[in-house]
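For reference, the structure is listed below as structure tokens.
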Amino acid sequence: MAHRPLLVLALAAAPGVAHADLLGARETACAVTVELAGPIATVTETHDLLGVDAAPVEATYQFALPPGAAVTDARIAIGKGAAAGAVAVSAEALATTTPDRDRLGLAPDRGLVRWLGTGVDGDSYEARVYPVTAGAAARLTVRWSAAATYRDGRLQVVTPARGDAEGLARCAVTVRAKPAAGVQRFVRAFINGAAVAPLGGKATVANARALAVEAVPTWRGAGPVVATHSTAVGAGRALTSIGVYLPPRQAAAAFAPPRLLLIVDTTRSMGADGRAAAAAIADALIAAAPAATPVELITFDRTARRGLGSWTAAREARRRVKDALATATPGGGTELGEALNLAATTIGDDPARVVVITDAILSTRVTGSDLLGAAQMPVNLTTLDVIVPVVAGAPMPDRAVLDPLVAAFHGKVFALRTSEVDDRLATLPRQLADDLPLRDLGVVVDDEVMALDLPSELGPGSGVIAHVAHAGAAARRVRLTAQRGPDAIGATAVALPKASAAIAVAAAGRGAVARDTATLDPSDVLALARQTATVTPLSALAVIDPAAPGAGPRVDLARTTGAFTRTPPAGSEALDVVEADAPAPSAASGADDNLPDTTYKYLIKYQLWPAVRACYATALRGKPRFTGTLEVTLEIARGEVHAARFGGTTLPSEFVACVGDAAYAIEVPTYGLDGLAETIAIVKKPIHLHLEEEAAQPSLDEDLGLPAEEPAPPPLR
């Protein structure tokens, strides 16, 4: 009996993860105000909650904050009543309950905020609010502070996505960026990649997206900026925070490379704005180089090719490069390793400056070692930089893969938003020329050299903040020493905002404080936490209704002596004392909402499937029939299949190559990034090739989940 080939496909997609959970209520509104005082951000979150029925319940809200954040205040208002403020207590005391509350006639507490644990994205916290009913809205206000990360010449605070849990509203975000701690002014700001005014800029953020607020500062002076805050710890000891920030130079030497090799990403994920920015950057670099400088262009997607064909003087290359990039067809696949391989053969053994312009969306399989292995260029004669044009809504790039590559070739990574390109083109070539890093960083506190955790090198446009416990009173004078090229650098610290004290206390609670000539024990941390009203593994915030019977004496006793017992509402779960090394609470999972099932069907059913059938028919033409399984893994991000991998049984190479061409040719719908961390959707498709009855027609299994059991291919007859 004759048989006809049959192909069966099945799909698997990884679910997303939620970072916030609300129980006992739904959120009717969420507002977030991010206030940047120089490099220190203070964030005020307001959550309006409504119960599901008339009976009062205790609502529980679990949420995540970025690493290093310090919760410093909580307020709860019920209906139109006045808000009740928080008092700092020990976490151990918060876990105890008042034994004689009925005899004393004590009303239940309004709520609390406590630390739950540390996770990959930061720390997890829990807030409880009582009473929440359907008839009166409850408003929870939480305030926290964090040191903004300084990278690529901008200060940034990123809060983990709240996720897709039910009952959460979208958050309205406002930015207020003001000078402080060496910052002269802020020239621009972004909320999840969208440009806003530095003072009063607003946007609304979806819960499934992380909240990323960026602000670009202009610093006072041309050298490194040092800022500090110090807090006394008992007698003869102190906890001091020290921030070091190195602004990029505005004026540097001329850009004069011996040869200039531009490697430009022309993949679909760059988008129209990204490709336009890449062309503008390439043009600016060629224009800044001396007219006789030899220039060559390499463009790449899944393959790499030379754009000019030979080294060409800059005066002629400028027009040819512009034309080549204007006519380049956007492709799939981002094989930077292929481009680096071609660069090595193009450069040879002569000195050159290599500038890679890419969106940095690489396969999840690519490592820094892979790129170094591909870049077989003489490290003593080649300098390699990477410039990343970031389109609106996209996050700043993860540089973990790029950093080893540029470090080996004495280069830099620059990330700039496409909306900034026009403003940055004049200074970018000069910053590539000789903007030197800081090395041999040292800190002197009141004439004593501190043993502080500082990086061995601090690049231009980056910064660091560290905390140290040391002997002596609160620091009066802090000075930085460093080396920049051949020059010795010294800078005296300015003051950090007061909110940095809580950030240092939170770091001490997590054990992230250097110990120079003094140590901090748990009692020190708890005393500092109560002094600064900071939530740590050892401390929490309790919210007591000020109008309730006995509230005044309870608050006074807690503030003056630390004595406190919780008065929970009826039915409230008992609190446990969470140890500092306890894991963060597990988050609920949900489906990826960026590539819905309909999109997968569009990709697989209507694009890949017809091509696979055609490839199979071609491979069988005039050749023996074959069976087996081809395991296809596609990595999809930002409107492009940027990596395709194949495994399974051994199949004819022409068939596999044909399916590969079809995979990279898939047209992937784009989606609004809205600041989303660059998610790479991994689509896995086993393609089963086996034989059926003559009457059977090839068909597609449209089930988007992996079947419980795959059918075994019958033997050939």
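The chains in the structure tokens are called A, B, ... from first to last as shown; in each chain the residues are counted from 1, and the ligands are counted from 1 in the order shown.
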
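For Gly182 (chain A), the non-local neighbours within 12 Å, defined as residues at least 6 positions apart in the same chain or in other chains and counting only C-alpha atoms, are Ala37, Gly38, Pro39, Ile40, Pro217, Thr218, Trp219, Arg220, Gly221, Ala222, Gly223, Pro224, Val225, Val226, Ala227, Thr228, Gly243, Val244, Tyr245, Leu246, Pro247, Ala491, Thr492, Ala493, Val494, Ala495, Leu496 and Pro497 of chain A.
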
Test item: residues at most 9 Å from region 108-117 of chain A, only C-alpha atoms, excluding those fewer than 2 positions along its chain, as a count of residues only
52

Would you mind listing what lies within 9 Å of Gly647 (chain A) as JSON, numbers by chain, with only C-alpha atoms counted and same-chain residues fewer than 4 positions away left out?
{"A": [629, 630, 631, 632, 633]}

Which one of A:Ala177, A:Ala134, A:Val513, A:Ala475 sits closest to Gly236 (chain A) if you count only C-alpha atoms?
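Checking each of A:Ala177, A:Ala134, A:Val513, A:Ala475 against Gly236 (chain A), counting only C-alpha atoms, the winner is A:Ala475.
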
Looking at only C-alpha atoms, which of A:Leu140, A:Val443, A:Ala326, A:Val87 is the one that sits closest to His47 (chain A)?
A:Leu140
